[in-house]
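Reading through the structure tokens given below for one structure.
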Protein chains: 4
Amino acid sequence: MNELRIAVVGAGRMGLTHAENLARRIRGARLAAVTTSDEARAAAVRGCCGDVAVYPDLDSLLNAGNVDAVCISSSTSAHADNVEACAAAGLHIFCEKPLALTVEDCDRAIVAAERAGVKLMLGHVRQFDAGHSEAKRTIDQGAIGKPLVFRAISGDVDPPPPSFADPAVSGGLLLDAMYHDLYLSRWLLDDEPVRAYAEGGALVDEAIGAVGDVDNAVALLRFRRGAMANFFVSRTTRYGHDVRVEVIGQEGAVQIGGSPQTPLRLLDRAGVHHDLPFTTAERFDEAFVTELQVFVDCVLDDEEPPVTGQDSRATVAVGIAATHSMHEGRPIVLSEFDS
Amino acid sequence: MNELRIAVVGAGRMGLTHAENLARRIRGARLAAVTTSDEARAAAVRGCCGDVAVYPDLDSLLNAGNVDAVCISSSTSAHADNVEACAAAGLHIFCEKPLALTVEDCDRAIVAAERAGVKLMLGHVRQFDAGHSEAKRTIDQGAIGKPLVFRAISGDVDPPPPSFADPAVSGGLLLDAMYHDLYLSRWLLDDEPVRAYAEGGALVDEAIGAVGDVDNAVALLRFRRGAMANFFVSRTTRYGHDVRVEVIGQEGAVQIGGSPQTPLRLLDRAGVHHDLPFTTAERFDEAFVTELQVFVDCVLDDEEPPVTGQDSRATVAVGIAATHSMHEGRPIVLSEFDS
Amino acid sequence: MNELRIAVVGAGRMGLTHAENLARRIRGARLAAVTTSDEARAAAVRGCCGDVAVYPDLDSLLNAGNVDAVCISSSTSAHADNVEACAAAGLHIFCEKPLALTVEDCDRAIVAAERAGVKLMLGHVRQFDAGHSEAKRTIDQGAIGKPLVFRAISGDVDPPPPSFADPAVSGGLLLDAMYHDLYLSRWLLDDEPVRAYAEGGALVDEAIGAVGDVDNAVALLRFRRGAMANFFVSRTTRYGHDVRVEVIGQEGAVQIGGSPQTPLRLLDRAGVHHDLPFTTAERFDEAFVTELQVFVDCVLDDEEPPVTGQDSRATVAVGIAATHSMHEGRPIVLSEFDS
Amino acid sequence: MNELRIAVVGAGRMGLTHAENLARRIRGARLAAVTTSDEARAAAVRGCCGDVAVYPDLDSLLNAGNVDAVCISSSTSAHADNVEACAAAGLHIFCEKPLALTVEDCDRAIVAAERAGVKLMLGHVRQFDAGHSEAKRTIDQGAIGKPLVFRAISGDVDPPPPSFADPAVSGGLLLDAMYHDLYLSRWLLDDEPVRAYAEGGALVDEAIGAVGDVDNAVALLRFRRGAMANFFVSRTTRYGHDVRVEVIGQEGAVQIGGSPQTPLRLLDRAGVHHDLPFTTAERFDEAFVTELQVFVDCVLDDEEPPVTGQDSRATVAVGIAATHSMHEGRPIVLSEFDS
């Protein structure tokens with residue numbers, strides 16, 4: 001096989017991004033099909049990706065049978081079922097994060113892929129961002145000495161619609177929006193959390209409170225070898241999409257922020273003014289391309305993907321533990337929770 | 001009274017700084033005396049402050065009787081006794097932070113000053129730093145909307161000697177080194193904490209662990225109106241004295257960092273290089289002058305000092321609560337602890 | 001016409017960039033053909049752009065006759081002839097900068113396009129960079145008051161091969177590498193230079209000196225309404241592609257620099273380290289797309305292009321005047337030179 | 001001699017600064033006297049420096065005879081006479097920049113100090129700023145390779161009163177305000193200029209034009225070994241005191257700017273805002289102390305001062321050459337001018 005035929009399952013915002021990248025920017029792959037039952041989205045797919053087969057659902061796609069791999073961008077609650085079906089069809093799988101909303105569903109998906117002998121890679125996009133991957137290399141080379149503390153902030157400008165904010169759909173703020181930072185703390189500290197504590201509240205958006213979720217939260221993790229992590233996650237930082245991570249070590253520190261969108265500074269009597277150093281989705285544009293390229297290369301070269309189902313399962317477990325802590329007002333020992 | 005005669009009690013590092021500032025840089029005040037029983041320190045005082053009376057202890061100073069006010073820079077465990085003695089002598093009191101290591105001692109000192117009708121101001125130096133005071137103004141003017149989260153990092157380059165690290169002397173890392181950030185969170189959020197949780201460890205310095213303290217810790221506070229705070233405090237950030245605070249609000253954020261010590265950037269093939277944006281004590285040089293000037297002005301103009309004994313008492317209570325949380329592995333409700 | 005068929009003339013570095021952008025990223029256009037007599041370059045074109053017609057030269061392309069417009073990326077000395085031929089064939093023309101190496105050749109190309117009634121737009125790419133265009137808007141809105149001085153630095157990492165550095169081919173450093181800054185000074189100050197002075201030398205690369213050019217130079221322009229401009233241009237800033245512009249006005253200033261390539265900062269005992277804030281060609285990647293999109297839109301909507309042949313002619317005139325000044329050791333009055 | 005008795009000649013803004021520094025911050029020196037015929041200034045001196053002898057003029061000071069050295073802060077046109085008188089009295093001399101407004105007067109002062117065998121040091125304050133001195137060390141250690149170009153900007157917020165702007169008093173913009181940058185270019189490039197060209201205009205302040213000076217100018221120097229320098233000097237950058245220098249070399253570059261005055265950043269929907277990175281006089285506060293300390297140490301240790309009369313003479317010559325160039329519209333060869 002020297003060209004992978006990939007179908008994108010789901011044509012929401014992420015599905016469209018993946019479809020366009022597969023159509024234009026990924027070497028060794030061809031966008032073979034997209035599934036959506038929504039005619040407007042089908043039109044949007046054709047608008048950005050040219051002539052591509054559109055199926056109303058995954059079953060039709062699998063029946064048609066002329067693809068080698070899928071990129072699953074359906075809603076999270078459908079991920080495990082989708083993975084099982086695609087694995088059964090022998091397709092290699094790239095799946096948006098998180099793998100599922102429960103540890104049990106994660107396990108079901110992981111087992112299905114293993115039994116079928118297909119690749120399963122998760123879309124942990126920030127691991128493929130130049131800043132984050134360079135930070136990982138820098139830490140692993142010892143430049144900051146022993147890592148002591150991971151700190152992260154993750155702020156979204158606009159709250160999601162209440163329907164999506166429903167924890168039954170999204171998993172809740174600590175599993176949904178804090179997921180990336182939880183995973184990054186494990187990856188950058190190269191350690192596993194043992195205890196979680198969180199506090200949160202619907203401080204700004206009453207609609208989010210009404211469906212039983214919070215819009216702002218802080219969390220704290222303790223890791224096996226002693227390191228600690230500090231998180232702040234918000235759906236309401238209206239000043240910008242504020243995404244920053246730092247790791248402080250015994251001999252140094254790395255900080256991953258963002259650069260101003262426009263390299264322009266205005267100086268006037270009031271001071272110096274420039275763009276927000278954080279952007280919306282564009283911040284990780286390149287990383288979305290890189291992660292799919294890595295998946296395609298892993299399949300073509302028969303190598304193990306760098307983000308596995310287990311990586312997602314462990315992150316989901318921490319997110320659920322933090323959510324329990326927030327609701328119960330006590331620290332959750334991970335082993336108690338995830339037996 | 002148009003010139004305040006002030007004595008500095010104690011001639012350690014902070015005592016020397018205060019003495020030199022009083023001798024050279026504070027308007028309306030005169031350095032009248034210093035107490036120290038150590039001849040080398042007495043010589044250091046004379047070296048930087050010129051001809052000044054040196055008494056071996058506080059009693060001798062009080063007996064001599066020709067001062068209007070004191071700046072207490074003795075060890076923290078002596079603060080409450082010193083305040084009582086000075087208040088009884090009718091002297092106005094500027095006291096280094098924290099007021100004491102227990103809530104009871106704080107109360108004792110506060111009552112003594114109130115009964116004697118003397119001013120009592122605490123040395124919360126960072127409140128008088130240009131960055132922090134401008135941040136306070138900015139928040140109070142509504143520029144960031146409703147404050148949601150306070151984040152702080154406070155890293156020291158060199159661990160203190162084990163004798164000082166002894167929690168019986170210092171109060172432990174969370175009361176000693178995290179004190180400034182705990183106070184700043186109350187001051188900048190303009191709210192009181194209701195619950196504290198902390199995790200810490202002797203990750204780097206075994207000697208600190210041996211005396212029963214930790215060298216790195218993270219903590220988390222919940223406030224009455226819902227806001228939250230995130231802390232990281234370290235005695236072992238060997239790369240620099242890393243002191244940063246930020247407050248994230250619904251409409252904006254303020255960040256208080258530090259500027260490079262030298263305004264020089266070197267560009268070479270490896271990238272851009274500049275000084276650490278944080279310095280050692282010099283970072284707050286100006287603020288040490290400002291706080292004493294504010295104290296002197298308050299006494300001369302008979303106004304209420306902007307940092308009271310109650311401010312320190314409340315901060316001490318939070319520090320102790322966080323310490324309990326760290327040792328007991330559970331969140332501490334402040335009202336449970338401080339009845 | 002709702003889709004413009006464009007051919008790219010020349011498949012050097014810039015030609016390939018334009019071809020790939022036309023093939024993938026420009027709305028309303030289709031890459032119809034590329035001309036190159038070099039088989040390796042033809043293969044490179046097919047590699048990045050898919051199946052596209054390749055002609056050995058411009059004549060063959062014009063004979064084949066099925067394009068609406070051209071993007072001229074041939075060597076500068078061929079530009080004027082190419083423009084004349086394409087204009088005669090009724091094609092709209094996007095031409096890489098500069099239009100020609102002499103004012104007479106510029107005039108010849110301008111007249112040809114005017115007579116044929118085709119659009120002629122020049123590839124002044126930096127005008128379409130987000131930083132530069134935002135700076136223009138900021139200045140035009142009065143945010144910096146009356147502009148007083150333009151300052152620019154333009155440094156290239158690697159000197160070109162001596163064959164290209166030959167002033168007979170490139171026009172010399174002041175016309176070739178300083179061209180963008182000369183144009184930007186006119187555009188951002190919204191004024192025309194009246195006098196030029198320059199100094200330069202082959203300070204680093206003897207091969208450049210041997211062919212009669214310089215590798216580093218400074219220049220100074222006086223403008224009609226009094227404003228001034230300061231330039232530094234270098235072929236030998238081995239530490240990075242250093243491209244910066246600022247305009248200082250009576251009430252404020254704008255600075256256009258670059259952002260670090262990777263949003264990562266490393267802090268260690270030696271200080272803070274990050275990427276160079278300037279990159280190689282990627283710095284203007286987006287702008288290369290924008291300029292072609294603007295051209296395509298102008299043709300489809302029958303509007304005047306924002307960068308005309310006269311803009312290039314005036315810039316070429318200043319570059320030649322500065323070159324004369326450098327060689328003759330005296331300021332050159334533009335009216336004396338360009339009658 | 002283990003304590004130098006220094007008198008300050010003149011009690012204008014700079015005289016007061018030097019007097020206060022000598023009274024409070026210079027080791028090994030004692031402020032012995034100040035000269036001023038203005039009673040208000042005499043009072044200001046006593047206000048900041050305590051009890052100090054005040055003489056109405058230099059003669060009275062010299063007659064009183066109990067000082068070892070002087071710090072000359074009179075108006076520039078009096079410098080040469082003052083130096084001659086003090087040298088004749090056997091006093092060591094620290095003199096504010098520039099030494100005089102003509103090369104002849106510089107020579108007169110230099111000869112007087114040499115004949116009397118007294119130290120003569122010039123107040124080139126920026127050489128003693130931490131940023132500039134670290135830049136010098138960095139360049140001398142080879143970190144940027146061979147220096148190619150020096151670039152400077154020097155902007156003042158408020159134009160001086162027309163009486164001072166009179167070129168007969170100040171020497172004109174290019175000698176007065178550009179003096180520091182002219183000197184720094186010689187010092188940092190470690191080379192001597194051979195040719196100067198300048199353009200300037202009274203673009204903002206008609207009163208400055210009326211007395212025959214300009215308020216904004218650019219200049220360009222060519223140095224003996226080929227390096228070049230670019231200057232922009234302004235009396236009207238109302239947005240701030242904008243003082244920046246950079247040296248670009250073959251392998252790297254150094255940039256000396258300023259840090260924000262307050263380490264506070266505000267982030268809101270409009271972007272990121274912070275203080276101007278340049279300040280007024282405070283920018284060089286420390287350097288004013290350092291330069292006097294260096295002078296005192298040189299006298300006490302009998303060492304050669306690091307800034308000599310010849311350094312000022314050479315800088316004055318370049319400033320006058322640039323002024324001639326601006327008025328005559330031609331480059332001035334330094335050897336032609338300064339025979």
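Every chain in the structure tokens takes a letter, A first, then B, and so on in the order presented; its residues are numbered from 1, and the ligands are numbered from 1 following the presented order.
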
Task: Interface, chain B side, toward chain A (9 Å; only C-alpha atoms) as a count of residues only - done: 42

- [ ] If you run DSSP over the backbone, which residues in segment 97-338 of chain B end up alpha helix (DSSP H)? Put them as an MDAnalysis selection string.
- [x] chainID B and resid 103:116 130:140 162:165 167:170 173:176 179:189 206:210 285:300 309:328 334:337

- [ ] Go ahead and compute the interatomic distance for atom CA of Ala29 of chain B and atom CA of Glu3 of chain B, in Å to one decimal.
- [x] 5.2 Å

- [ ] Would you mind listing what lies within 12 Å of Thr17 of chain B as a ChimeraX atom specification, with only C-alpha atoms counted and same-chain residues fewer than 3 positions away left out?
- [x] /B:8-14,20-25,31,34,44-45,48-49,71,73,96,281-282,284-289,292

Task: Contacts of Leu182 of chain C within 8 Å, only C-alpha atoms, excl. fewer than 5 positions in-chain, as an MDAnalysis selection string - done: chainID C and resid 315 318:319

Could the residues in this selection be saved with N, CA, C and O atoms as an mmCIF file, in the first residue's frame?
data_model
loop_
_atom_site.group_PDB
_atom_site.id
_atom_site.type_symbol
_atom_site.label_atom_id
_atom_site.label_comp_id
_atom_site.auth_asym_id
_atom_site.auth_seq_id
_atom_site.Cartn_x
_atom_site.Cartn_y
_atom_site.Cartn_z
ATOM 1 N N THR C 315 10.046 52.786 -7.208
ATOM 2 C CA THR C 315 10.955 52.113 -6.280
ATOM 3 C C THR C 315 12.275 51.789 -6.965
ATOM 4 O O THR C 315 13.352 51.940 -6.375
ATOM 5 N N VAL C 318 14.442 54.864 -7.078
ATOM 6 C CA VAL C 318 15.118 55.176 -5.808
ATOM 7 C C VAL C 318 16.282 54.216 -5.582
ATOM 8 O O VAL C 318 17.359 54.631 -5.152
ATOM 9 N N GLY C 319 16.092 52.951 -5.883
ATOM 10 C CA GLY C 319 17.161 51.973 -5.716
ATOM 11 C C GLY C 319 18.363 52.315 -6.584
ATOM 12 O O GLY C 319 19.520 52.210 -6.151
#

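A straight line drawn from atom CA of Leu91 of chain C to atom CA of Val70 of chain C is 6.7 Å long.
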
Open item on the list: So that I can check the secondary structure, give me every residue of segment 112-212 of chain B assigned strand (DSSP E) by backbone DSSP, as a PyMOL selection string.
Closed with: chain B and resi 120-123+147-155+193-201

Resulting file, chosen residues, N, CA and C atoms, as a PDB file, in the first residue's frame:
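Saved to result35.pdb:
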ATOM      1  N   LEU B 120      -0.377  49.932  64.121  1.00  0.00           N
ATOM      2  CA  LEU B 120       0.307  48.661  63.844  1.00  0.00           C
ATOM      3  C   LEU B 120       0.176  48.382  62.346  1.00  0.00           C
ATOM      4  N   MET B 121       1.292  48.377  61.658  1.00  0.00           N
ATOM      5  CA  MET B 121       1.270  48.098  60.213  1.00  0.00           C
ATOM      6  C   MET B 121       2.193  46.926  59.924  1.00  0.00           C
ATOM      7  N   LEU B 122       1.735  46.054  59.012  1.00  0.00           N
ATOM      8  CA  LEU B 122       2.531  44.874  58.653  1.00  0.00           C
ATOM      9  C   LEU B 122       3.309  45.109  57.365  1.00  0.00           C
ATOM     10  N   GLY B 123       4.466  44.486  57.264  1.00  0.00           N
ATOM     11  CA  GLY B 123       5.336  44.661  56.108  1.00  0.00           C
ATOM     12  C   GLY B 123       4.978  43.743  54.944  1.00  0.00           C
ATOM     13  N   PRO B 147     -13.259  39.059  38.741  1.00  0.00           N
ATOM     14  CA  PRO B 147     -12.090  38.172  38.848  1.00  0.00           C
ATOM     15  C   PRO B 147     -12.532  36.740  39.103  1.00  0.00           C
ATOM     16  N   LEU B 148     -11.944  35.807  38.385  1.00  0.00           N
ATOM     17  CA  LEU B 148     -12.324  34.404  38.512  1.00  0.00           C
ATOM     18  C   LEU B 148     -11.250  33.575  39.212  1.00  0.00           C
ATOM     19  N   VAL B 149     -10.018  33.781  38.812  1.00  0.00           N
ATOM     20  CA  VAL B 149      -8.952  32.924  39.333  1.00  0.00           C
ATOM     21  C   VAL B 149      -7.663  33.720  39.543  1.00  0.00           C
ATOM     22  N   PHE B 150      -7.014  33.450  40.651  1.00  0.00           N
ATOM     23  CA  PHE B 150      -5.696  33.998  40.990  1.00  0.00           C
ATOM     24  C   PHE B 150      -4.687  32.871  40.831  1.00  0.00           C
ATOM     25  N   ARG B 151      -3.576  33.150  40.146  1.00  0.00           N
ATOM     26  CA  ARG B 151      -2.519  32.147  39.997  1.00  0.00           C
ATOM     27  C   ARG B 151      -1.204  32.757  40.428  1.00  0.00           C
ATOM     28  N   ALA B 152      -0.420  32.013  41.186  1.00  0.00           N
ATOM     29  CA  ALA B 152       0.856  32.554  41.631  1.00  0.00           C
ATOM     30  C   ALA B 152       1.927  31.483  41.605  1.00  0.00           C
ATOM     31  N   ILE B 153       3.140  31.937  41.350  1.00  0.00           N
ATOM     32  CA  ILE B 153       4.321  31.097  41.489  1.00  0.00           C
ATOM     33  C   ILE B 153       5.312  31.891  42.313  1.00  0.00           C
ATOM     34  N   SER B 154       5.991  31.238  43.211  1.00  0.00           N
ATOM     35  CA  SER B 154       6.955  31.917  44.066  1.00  0.00           C
ATOM     36  C   SER B 154       8.104  30.957  44.301  1.00  0.00           C
ATOM     37  N   GLY B 155       9.199  31.187  43.600  1.00  0.00           N
ATOM     38  CA  GLY B 155      10.333  30.264  43.666  1.00  0.00           C
ATOM     39  C   GLY B 155      11.592  30.941  44.186  1.00  0.00           C
ATOM     40  N   PRO B 193     -10.972  33.447  51.678  1.00  0.00           N
ATOM     41  CA  PRO B 193     -11.014  32.013  51.361  1.00  0.00           C
ATOM     42  C   PRO B 193     -11.910  31.265  52.342  1.00  0.00           C
ATOM     43  N   VAL B 194     -12.538  30.213  51.846  1.00  0.00           N
ATOM     44  CA  VAL B 194     -13.374  29.379  52.712  1.00  0.00           C
ATOM     45  C   VAL B 194     -12.862  27.943  52.807  1.00  0.00           C
ATOM     46  N   ARG B 195     -12.028  27.523  51.881  1.00  0.00           N
ATOM     47  CA  ARG B 195     -11.557  26.139  51.885  1.00  0.00           C
ATOM     48  C   ARG B 195     -10.160  26.096  51.268  1.00  0.00           C
ATOM     49  N   ALA B 196      -9.297  25.265  51.821  1.00  0.00           N
ATOM     50  CA  ALA B 196      -7.912  25.161  51.349  1.00  0.00           C
ATOM     51  C   ALA B 196      -7.536  23.704  51.143  1.00  0.00           C
ATOM     52  N   TYR B 197      -6.748  23.471  50.101  1.00  0.00           N
ATOM     53  CA  TYR B 197      -6.204  22.129  49.864  1.00  0.00           C
ATOM     54  C   TYR B 197      -4.772  22.292  49.381  1.00  0.00           C
ATOM     55  N   ALA B 198      -3.889  21.413  49.823  1.00  0.00           N
ATOM     56  CA  ALA B 198      -2.484  21.521  49.430  1.00  0.00           C
ATOM     57  C   ALA B 198      -1.832  20.158  49.324  1.00  0.00           C
ATOM     58  N   GLU B 199      -0.822  20.093  48.483  1.00  0.00           N
ATOM     59  CA  GLU B 199       0.035  18.907  48.363  1.00  0.00           C
ATOM     60  C   GLU B 199       1.481  19.400  48.343  1.00  0.00           C
ATOM     61  N   GLY B 200       2.376  18.689  48.972  1.00  0.00           N
ATOM     62  CA  GLY B 200       3.769  19.119  48.944  1.00  0.00           C
ATOM     63  C   GLY B 200       4.698  17.964  49.215  1.00  0.00           C
ATOM     64  N   GLY B 201       5.978  18.214  49.014  1.00  0.00           N
ATOM     65  CA  GLY B 201       6.954  17.169  49.270  1.00  0.00           C
ATOM     66  C   GLY B 201       8.364  17.728  49.380  1.00  0.00           C
TER      67      GLY B 201
END

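Taking atom CA of Ile93 of chain C and atom CA of Asp302 of chain C as endpoints, the distance between them is 13.1 Å.
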
Open item on the list: When you look at Ser163 of chain B with a cut-off of 12 Å (counting only C-alpha atoms), what residues show up, excluding the ones that are within fewer than 6 positions of it in the same chain? I need them as a PyMOL selection string.
Closed with: chain B and resi 169-170+172+207-208+210-213
